[in-house]
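Novice: Input: one structure, supplied below.
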Amino acid sequence: MKCDFSPATRHPPPATFLWIWSVYPLLVPFYLMGKTPIPGTEKVEGGVPQLADYYLVGIMTLIFTALPFRLHRQAMAVVGALGCFVFYTALVNLAWATRLEDLSLLKSTIYYAYNGLLLVTCLVLYAHFKDEFLYRTVQAVGASVVLQAILSPLAPHQANSRQALFFNNENQLGYFCVLAATIFVLGARRFSIRLRYQLIFYATLTYLVLLSQSRGAILGLAALGIVALLGRPLRLLLALGAVLSAYLVLTMTPSMLSKSEERYVVQGEYDTAATRGYDRIVNYPELILFGAGEGAYQRFRSELYGSEIHSSYGTLLFCYGIPGTLLFTVALLGICRRQLRNMLYLIPAFVHGVGHQGLRFAFFWAMLAFLCCYVMAPAATTKPCALPGDTDQRPQEPQPAT
C-alpha cells in the first residue's frame, strides 16, 4: 500500500525525472569547491556544498513541485524515525550552541536535514516509478565508477602515494567505492546484470580503491563480499581462504611491500582507539546520556584534539547520546524490517565507519534509500540490466508493497 497526499494527477514521462536523477551519482565524486588549504596541514576545507549538492537541491525542487507527494507505508515509518532523529540532533546542537555561544554546532543538523530530504526524494521517486528508479540508479552508479577510472589520469595528483582523484581526501574516495559497490551488488540481485558489465565495474572499483589505499574501504568491500557470498558457502570459503592466505603472506614478509604499501599491514600512529577519538566516551561518560553535540571539539580532553570522532556510531553515541543512537538504529531496522537479513548490506558502510565518520556523507543516505526501496517490493521477474547506451532491456514494474 502506498500513501498519496496530493490530488491525482497525470503521470509525467518517467524518463524526464529518472534521467535527471541519473546525473546525480555522476556528480557525487567531483569535489570542485572548497579547496582552501587548512593552515599547517595537507588537508583542505571540508563541509562545503559541492556541485552535486546544488544539483540535488534542483532535483528536490522539481520532484516536490511536479510530482504528487507519494510514499509507501513502510517508507513512512522510516521517514518518521529519521525525522525524529534529525529533530533530536537539532535540539541537542541548539542546546549546546546556546550554552557555548557557538552557532557552528548547528551546521551538522543542517547536513542531516539535507540528507533526510535526499532520502525522501528517492522514496518519492520509487513510489512513482518502482523498479525503473532502481534500474536507473544502478546504471548511474556503475557509470559513475567507470567515469572516475577513465578520468583518473586527469585528476589532481597527490604528493604522497595515496590518491583522492576529485574528492578532498582519499578516505572519501574509498567510502564512495564501498557505497557504490553496495548499491551495485543489490542491483545485481534484483536485475540480471550481464557478466561483462559486472567485470568492468568490479575491475574499475578495485582500481579506485587501490588508488585510495583506504584500509577502511578494503575492509568494507571484504565485508560486502562475505555478505554477497553467504548463500554460496563453497565460494565463500574459497574467497576467505584466498584473503587470509594473502594477508598472512604480507604480514610475514613485509619486505614484499613498498614503503607506501606497508600501511596495509603495519599499524600507524593514528590507528588506536584513542587517536580515533573513542577515548572521549571513556573520559566523559556522562555525556552519552543525552549527547555532547556535534562540534566545538576543542572542549574535550582527547588524544584526537579539536576534531570529530573518527567513527560513525561513535559519533552517534557521544554527540547525540543514547536517544539519538536509538532513533537512528530504529530507522535502520525500519528500512529492513520486512527482510531483516538485508540489514547485512549495512555492514560494509559501518565497517568503514569504525574508523571514519560517514554519517554526513550524502551518498550514504542515497544508499540507505536504495536499500529501503529494494526491500519494500521485491521484483517478480528480473531482466538484464545494461549500462548507459544499452537501452533495450528494462525491468518489469512490480506490484506495490502491501
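Residues are named by chain letter and number: chains run A, B, ... in the order of the C-alpha cells, numbers start at 1 in each chain, and ligands are numbered from 1 in the order shown.
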Based on DSSP run over this structure's backbone, return all residues of segment 38-178 of chain A in strand (DSSP E or B), as a compact mmCIF listing (two decimals) with N, CA and C atoms, in the first residue's frame.

Specialist:
```txt
# COMPACT_ATOMS: atom_id res chain seq x y z
N VAL A 44 42.31 20.14 3.03
CA VAL A 44 41.62 21.32 2.53
C VAL A 44 40.31 21.48 3.28
N ARG A 70 4.11 11.11 -2.67
CA ARG A 70 3.61 9.75 -2.50
C ARG A 70 4.71 8.90 -1.87
N LEU A 71 4.33 8.15 -0.83
CA LEU A 71 5.26 7.26 -0.16
C LEU A 71 4.58 5.93 0.13
N HIS A 72 5.34 4.85 0.05
CA HIS A 72 4.84 3.57 0.54
C HIS A 72 4.69 3.65 2.05
```

Novice: Tell me, as a PDB file with all heavy atoms, in the first residue's frame, which residues lie within 10 Å of Leu346 of chain A, counting only C-alpha atoms; anything in the same chain fewer than 4 positions away does not count.

Specialist:
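Output contents, as saved in around29.pdb:
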```
ATOM      1  N   LEU A 179      30.093   2.369  -0.884  1.00  0.00           N
ATOM      2  CA  LEU A 179      28.661   2.633  -1.064  1.00  0.00           C
ATOM      3  C   LEU A 179      28.213   2.281  -2.474  1.00  0.00           C
ATOM      4  O   LEU A 179      27.134   1.691  -2.666  1.00  0.00           O
ATOM      5  CB  LEU A 179      28.368   4.104  -0.764  1.00  0.00           C
ATOM      6  CG  LEU A 179      28.697   4.564   0.659  1.00  0.00           C
ATOM      7  CD1 LEU A 179      28.487   6.065   0.788  1.00  0.00           C
ATOM      8  CD2 LEU A 179      27.856   3.818   1.687  1.00  0.00           C
ATOM      9  N   THR A 182      27.926  -1.452  -2.771  1.00  0.00           N
ATOM     10  CA  THR A 182      26.729  -1.955  -2.093  1.00  0.00           C
ATOM     11  C   THR A 182      25.504  -1.801  -2.979  1.00  0.00           C
ATOM     12  O   THR A 182      24.698  -2.735  -3.126  1.00  0.00           O
ATOM     13  CB  THR A 182      26.523  -1.218  -0.760  1.00  0.00           C
ATOM     14  OG1 THR A 182      27.690  -1.372   0.060  1.00  0.00           O
ATOM     15  CG2 THR A 182      25.319  -1.762  -0.024  1.00  0.00           C
ATOM     16  N   GLY A 220      35.682  -2.783   4.221  1.00  0.00           N
ATOM     17  CA  GLY A 220      34.261  -2.677   3.904  1.00  0.00           C
ATOM     18  C   GLY A 220      33.884  -3.518   2.698  1.00  0.00           C
ATOM     19  O   GLY A 220      32.852  -4.203   2.688  1.00  0.00           O
ATOM     20  N   ALA A 223      33.889  -7.129   3.643  1.00  0.00           N
ATOM     21  CA  ALA A 223      32.639  -7.461   4.337  1.00  0.00           C
ATOM     22  C   ALA A 223      31.489  -7.616   3.348  1.00  0.00           C
ATOM     23  O   ALA A 223      30.657  -8.522   3.476  1.00  0.00           O
ATOM     24  CB  ALA A 223      32.313  -6.371   5.368  1.00  0.00           C
ATOM     25  N   LEU A 224      31.451  -6.748   2.341  1.00  0.00           N
ATOM     26  CA  LEU A 224      30.407  -6.849   1.318  1.00  0.00           C
ATOM     27  C   LEU A 224      30.537  -8.157   0.546  1.00  0.00           C
ATOM     28  O   LEU A 224      29.528  -8.810   0.238  1.00  0.00           O
ATOM     29  CB  LEU A 224      30.499  -5.655   0.357  1.00  0.00           C
ATOM     30  CG  LEU A 224      29.494  -5.638  -0.797  1.00  0.00           C
ATOM     31  CD1 LEU A 224      28.059  -5.612  -0.269  1.00  0.00           C
ATOM     32  CD2 LEU A 224      29.739  -4.442  -1.706  1.00  0.00           C
ATOM     33  N   VAL A 227      29.107 -10.910   2.705  1.00  0.00           N
ATOM     34  CA  VAL A 227      27.642 -10.838   2.738  1.00  0.00           C
ATOM     35  C   VAL A 227      27.051 -11.357   1.423  1.00  0.00           C
ATOM     36  O   VAL A 227      26.074 -12.121   1.418  1.00  0.00           O
ATOM     37  CB  VAL A 227      27.186  -9.385   3.003  1.00  0.00           C
ATOM     38  CG1 VAL A 227      25.680  -9.246   2.798  1.00  0.00           C
ATOM     39  CG2 VAL A 227      27.567  -8.961   4.406  1.00  0.00           C
ATOM     40  N   LEU A 332      17.131   2.359  10.872  1.00  0.00           N
ATOM     41  CA  LEU A 332      17.789   1.306  10.100  1.00  0.00           C
ATOM     42  C   LEU A 332      16.991   0.003  10.171  1.00  0.00           C
ATOM     43  O   LEU A 332      16.849  -0.708   9.160  1.00  0.00           O
ATOM     44  CB  LEU A 332      19.210   1.074  10.625  1.00  0.00           C
ATOM     45  CG  LEU A 332      20.183   2.247  10.506  1.00  0.00           C
ATOM     46  CD1 LEU A 332      21.567   1.830  10.998  1.00  0.00           C
ATOM     47  CD2 LEU A 332      20.274   2.755   9.077  1.00  0.00           C
ATOM     48  N   CYS A 336      14.731  -2.300   6.918  1.00  0.00           N
ATOM     49  CA  CYS A 336      14.846  -3.719   6.562  1.00  0.00           C
ATOM     50  C   CYS A 336      13.867  -4.606   7.314  1.00  0.00           C
ATOM     51  O   CYS A 336      14.053  -5.829   7.356  1.00  0.00           O
ATOM     52  CB  CYS A 336      16.269  -4.208   6.805  1.00  0.00           C
ATOM     53  SG  CYS A 336      17.529  -3.343   5.850  1.00  0.00           S
ATOM     54  N   ASN A 342      18.481  -8.399   5.054  1.00  0.00           N
ATOM     55  CA  ASN A 342      19.081  -7.371   4.197  1.00  0.00           C
ATOM     56  C   ASN A 342      19.815  -6.305   5.003  1.00  0.00           C
ATOM     57  O   ASN A 342      20.526  -5.471   4.424  1.00  0.00           O
ATOM     58  CB  ASN A 342      18.006  -6.723   3.322  1.00  0.00           C
ATOM     59  CG  ASN A 342      17.601  -7.629   2.171  1.00  0.00           C
ATOM     60  OD1 ASN A 342      18.446  -8.168   1.456  1.00  0.00           O
ATOM     61  ND2 ASN A 342      16.302  -7.826   1.988  1.00  0.00           N
ATOM     62  N   PHE A 350      29.320   0.435   7.706  1.00  0.00           N
ATOM     63  CA  PHE A 350      29.670   0.645   9.102  1.00  0.00           C
ATOM     64  C   PHE A 350      31.004   0.008   9.461  1.00  0.00           C
ATOM     65  O   PHE A 350      31.621   0.392  10.463  1.00  0.00           O
ATOM     66  CB  PHE A 350      28.541   0.154  10.006  1.00  0.00           C
ATOM     67  CG  PHE A 350      27.353   1.073   9.996  1.00  0.00           C
ATOM     68  CD1 PHE A 350      26.175   0.715   9.357  1.00  0.00           C
ATOM     69  CD2 PHE A 350      27.424   2.318  10.593  1.00  0.00           C
ATOM     70  CE1 PHE A 350      25.091   1.582   9.326  1.00  0.00           C
ATOM     71  CE2 PHE A 350      26.352   3.195  10.574  1.00  0.00           C
ATOM     72  CZ  PHE A 350      25.171   2.823   9.935  1.00  0.00           C
ATOM     73  N   VAL A 351      31.467  -0.965   8.675  1.00  0.00           N
ATOM     74  CA  VAL A 351      32.840  -1.434   8.842  1.00  0.00           C
ATOM     75  C   VAL A 351      33.793  -0.289   8.509  1.00  0.00           C
ATOM     76  O   VAL A 351      34.753  -0.020   9.238  1.00  0.00           O
ATOM     77  CB  VAL A 351      33.123  -2.662   7.952  1.00  0.00           C
ATOM     78  CG1 VAL A 351      34.622  -2.934   7.852  1.00  0.00           C
ATOM     79  CG2 VAL A 351      32.420  -3.892   8.514  1.00  0.00           C
ATOM     80  N   MET A 367      22.400   5.487  -0.482  1.00  0.00           N
ATOM     81  CA  MET A 367      22.476   4.030  -0.347  1.00  0.00           C
ATOM     82  C   MET A 367      21.382   3.518   0.582  1.00  0.00           C
ATOM     83  O   MET A 367      20.746   2.487   0.307  1.00  0.00           O
ATOM     84  CB  MET A 367      23.865   3.629   0.166  1.00  0.00           C
ATOM     85  CG  MET A 367      24.110   2.116   0.243  1.00  0.00           C
ATOM     86  SD  MET A 367      23.478   1.348   1.757  1.00  0.00           S
ATOM     87  CE  MET A 367      24.614   2.022   2.976  1.00  0.00           C
ATOM     88  N   LEU A 368      21.133   4.226   1.695  1.00  0.00           N
ATOM     89  CA  LEU A 368      20.057   3.827   2.594  1.00  0.00           C
ATOM     90  C   LEU A 368      18.710   3.839   1.864  1.00  0.00           C
ATOM     91  O   LEU A 368      17.894   2.920   2.028  1.00  0.00           O
ATOM     92  CB  LEU A 368      19.998   4.770   3.801  1.00  0.00           C
ATOM     93  CG  LEU A 368      21.130   4.704   4.818  1.00  0.00           C
ATOM     94  CD1 LEU A 368      20.853   5.682   5.969  1.00  0.00           C
ATOM     95  CD2 LEU A 368      21.321   3.302   5.360  1.00  0.00           C
ATOM     96  N   LEU A 371      18.468   0.841  -0.479  1.00  0.00           N
ATOM     97  CA  LEU A 371      18.197  -0.386   0.268  1.00  0.00           C
ATOM     98  C   LEU A 371      16.753  -0.435   0.727  1.00  0.00           C
ATOM     99  O   LEU A 371      16.091  -1.485   0.660  1.00  0.00           O
ATOM    100  CB  LEU A 371      19.147  -0.478   1.468  1.00  0.00           C
ATOM    101  CG  LEU A 371      18.974  -1.700   2.375  1.00  0.00           C
ATOM    102  CD1 LEU A 371      19.183  -2.988   1.604  1.00  0.00           C
ATOM    103  CD2 LEU A 371      19.932  -1.627   3.558  1.00  0.00           C
TER     104      LEU A 371
END
```

Novice: Residues within 9 Å of Pro29 of chain A, please, as a list in words. Count only C-alpha atoms; anything in the same chain fewer than 3 positions from it doesn't count.

Specialist: Pro25, Leu26, Ala52, Ser144, Val145, Gln148, Leu165, Phe166, Phe167, Gln172, Leu173 and Phe176 of chain A

Novice: So the first atom is atom CA of Gln139 of chain A and the second is atom CA of Ile200 of chain A; what is the distance between them in Å, to one decimal place?

Specialist: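 These two atoms are separated by 12.6 Å.
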
Novice: Please, which residues of segment 149-370 of chain A, numbered as in this document, come out helix (DSSP H, G or I) from DSSP, as a count of residues only?

Specialist: 145

Novice: Suppose you want the space between atom CA of Ala127 of chain A and atom CA of Val146 of chain A; what is it in Å?

Specialist: 28.7 Å

Novice: As an exercise, work out the distance from atom CA of Tyr305 of chain A to atom CA of Gly293 of chain A in Å and give it to one decimal place.

Specialist: 15.8 Å

Novice: Please identify all polymer residues within 12 Å of Leu82 of chain A, counting only C-alpha atoms, omitting same-chain residues fewer than 2 positions from it, and present them as an MDAnalysis selection string.

Specialist: chainID A and resid 75:80 84:89 112:120 324:335 365 368:369

Novice: Do you know which residues are at most 8 Å from segment 295-300 of chain A counting only C-alpha atoms, after dropping those on the same chain fewer than 5 positions away, and could you put them as a list in words?

Specialist: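 What passes the distance filter is Asp102, Ser104, Leu105, Ser108, Arg280, Tyr305, Gly306, Ser307 and Glu308 of chain A.
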
Novice: Would you put the residues from that selection into a file with all heavy atoms, as a short mmCIF file (atom, residue, chain, number, x, y, z; two decimals), in the first residue's frame?

Specialist:
```cif
data_model
loop_
_atom_site.label_atom_id
_atom_site.label_comp_id
_atom_site.auth_asym_id
_atom_site.auth_seq_id
_atom_site.Cartn_x
_atom_site.Cartn_y
_atom_site.Cartn_z
N ASP A 102 28.15 29.25 20.47
CA ASP A 102 28.88 28.83 19.27
C ASP A 102 27.87 28.22 18.29
O ASP A 102 27.47 27.06 18.42
CB ASP A 102 29.96 27.81 19.62
CG ASP A 102 30.82 27.44 18.43
OD1 ASP A 102 30.51 27.87 17.30
OD2 ASP A 102 31.81 26.69 18.61
N SER A 104 28.26 27.28 15.35
CA SER A 104 28.79 26.29 14.42
C SER A 104 28.26 24.89 14.70
O SER A 104 28.30 24.02 13.83
CB SER A 104 30.32 26.29 14.46
OG SER A 104 30.80 25.81 15.71
N LEU A 105 27.78 24.65 15.91
CA LEU A 105 27.24 23.33 16.23
C LEU A 105 25.96 23.02 15.46
O LEU A 105 25.57 21.86 15.35
CB LEU A 105 26.97 23.21 17.74
CG LEU A 105 28.18 22.89 18.61
CD1 LEU A 105 28.89 24.14 19.06
CD2 LEU A 105 27.79 22.03 19.81
N SER A 108 25.87 20.68 11.63
CA SER A 108 25.65 19.25 11.44
C SER A 108 24.17 18.93 11.25
O SER A 108 23.81 18.08 10.44
CB SER A 108 26.21 18.46 12.62
OG SER A 108 27.61 18.56 12.67
N ARG A 280 37.09 9.80 24.20
CA ARG A 280 36.16 10.79 24.75
C ARG A 280 34.97 10.11 25.45
O ARG A 280 34.43 10.64 26.43
CB ARG A 280 35.62 11.70 23.63
CG ARG A 280 36.69 12.58 23.02
CD ARG A 280 36.15 13.35 21.84
NE ARG A 280 37.24 13.88 21.05
CZ ARG A 280 37.10 14.43 19.86
NH1 ARG A 280 35.90 14.55 19.33
NH2 ARG A 280 38.16 14.89 19.20
N TYR A 305 42.76 15.76 19.31
CA TYR A 305 42.34 17.08 19.77
C TYR A 305 41.71 17.90 18.64
O TYR A 305 42.22 17.93 17.52
CB TYR A 305 43.52 17.85 20.34
CG TYR A 305 43.17 19.24 20.80
CD1 TYR A 305 42.50 19.44 22.01
CD2 TYR A 305 43.49 20.35 20.02
CE1 TYR A 305 42.16 20.72 22.43
CE2 TYR A 305 43.14 21.63 20.43
CZ TYR A 305 42.46 21.81 21.64
OH TYR A 305 42.12 23.07 22.03
N GLY A 306 40.60 18.54 18.95
CA GLY A 306 40.00 19.51 18.04
C GLY A 306 39.39 18.93 16.79
O GLY A 306 39.18 19.65 15.81
N SER A 307 39.07 17.64 16.78
CA SER A 307 38.50 17.02 15.59
C SER A 307 37.37 16.09 16.01
O SER A 307 37.29 15.66 17.17
CB SER A 307 39.57 16.24 14.82
OG SER A 307 39.02 15.62 13.67
N GLU A 308 36.51 15.76 15.05
CA GLU A 308 35.41 14.86 15.34
C GLU A 308 35.91 13.44 15.59
O GLU A 308 37.01 13.08 15.17
CB GLU A 308 34.43 14.84 14.14
CG GLU A 308 35.04 14.26 12.88
CD GLU A 308 34.13 14.40 11.68
OE1 GLU A 308 33.07 15.02 11.81
OE2 GLU A 308 34.48 13.87 10.61
#
```

Novice: Out of A:Ile309, A:His356, A:Val375, A:Tyr126, which residue has the shortest atom-to-atom distance to Gln339 of chain A when counting only C-alpha atoms?

Specialist: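 Closest to Gln339 of chain A of all the choices is A:Val375.
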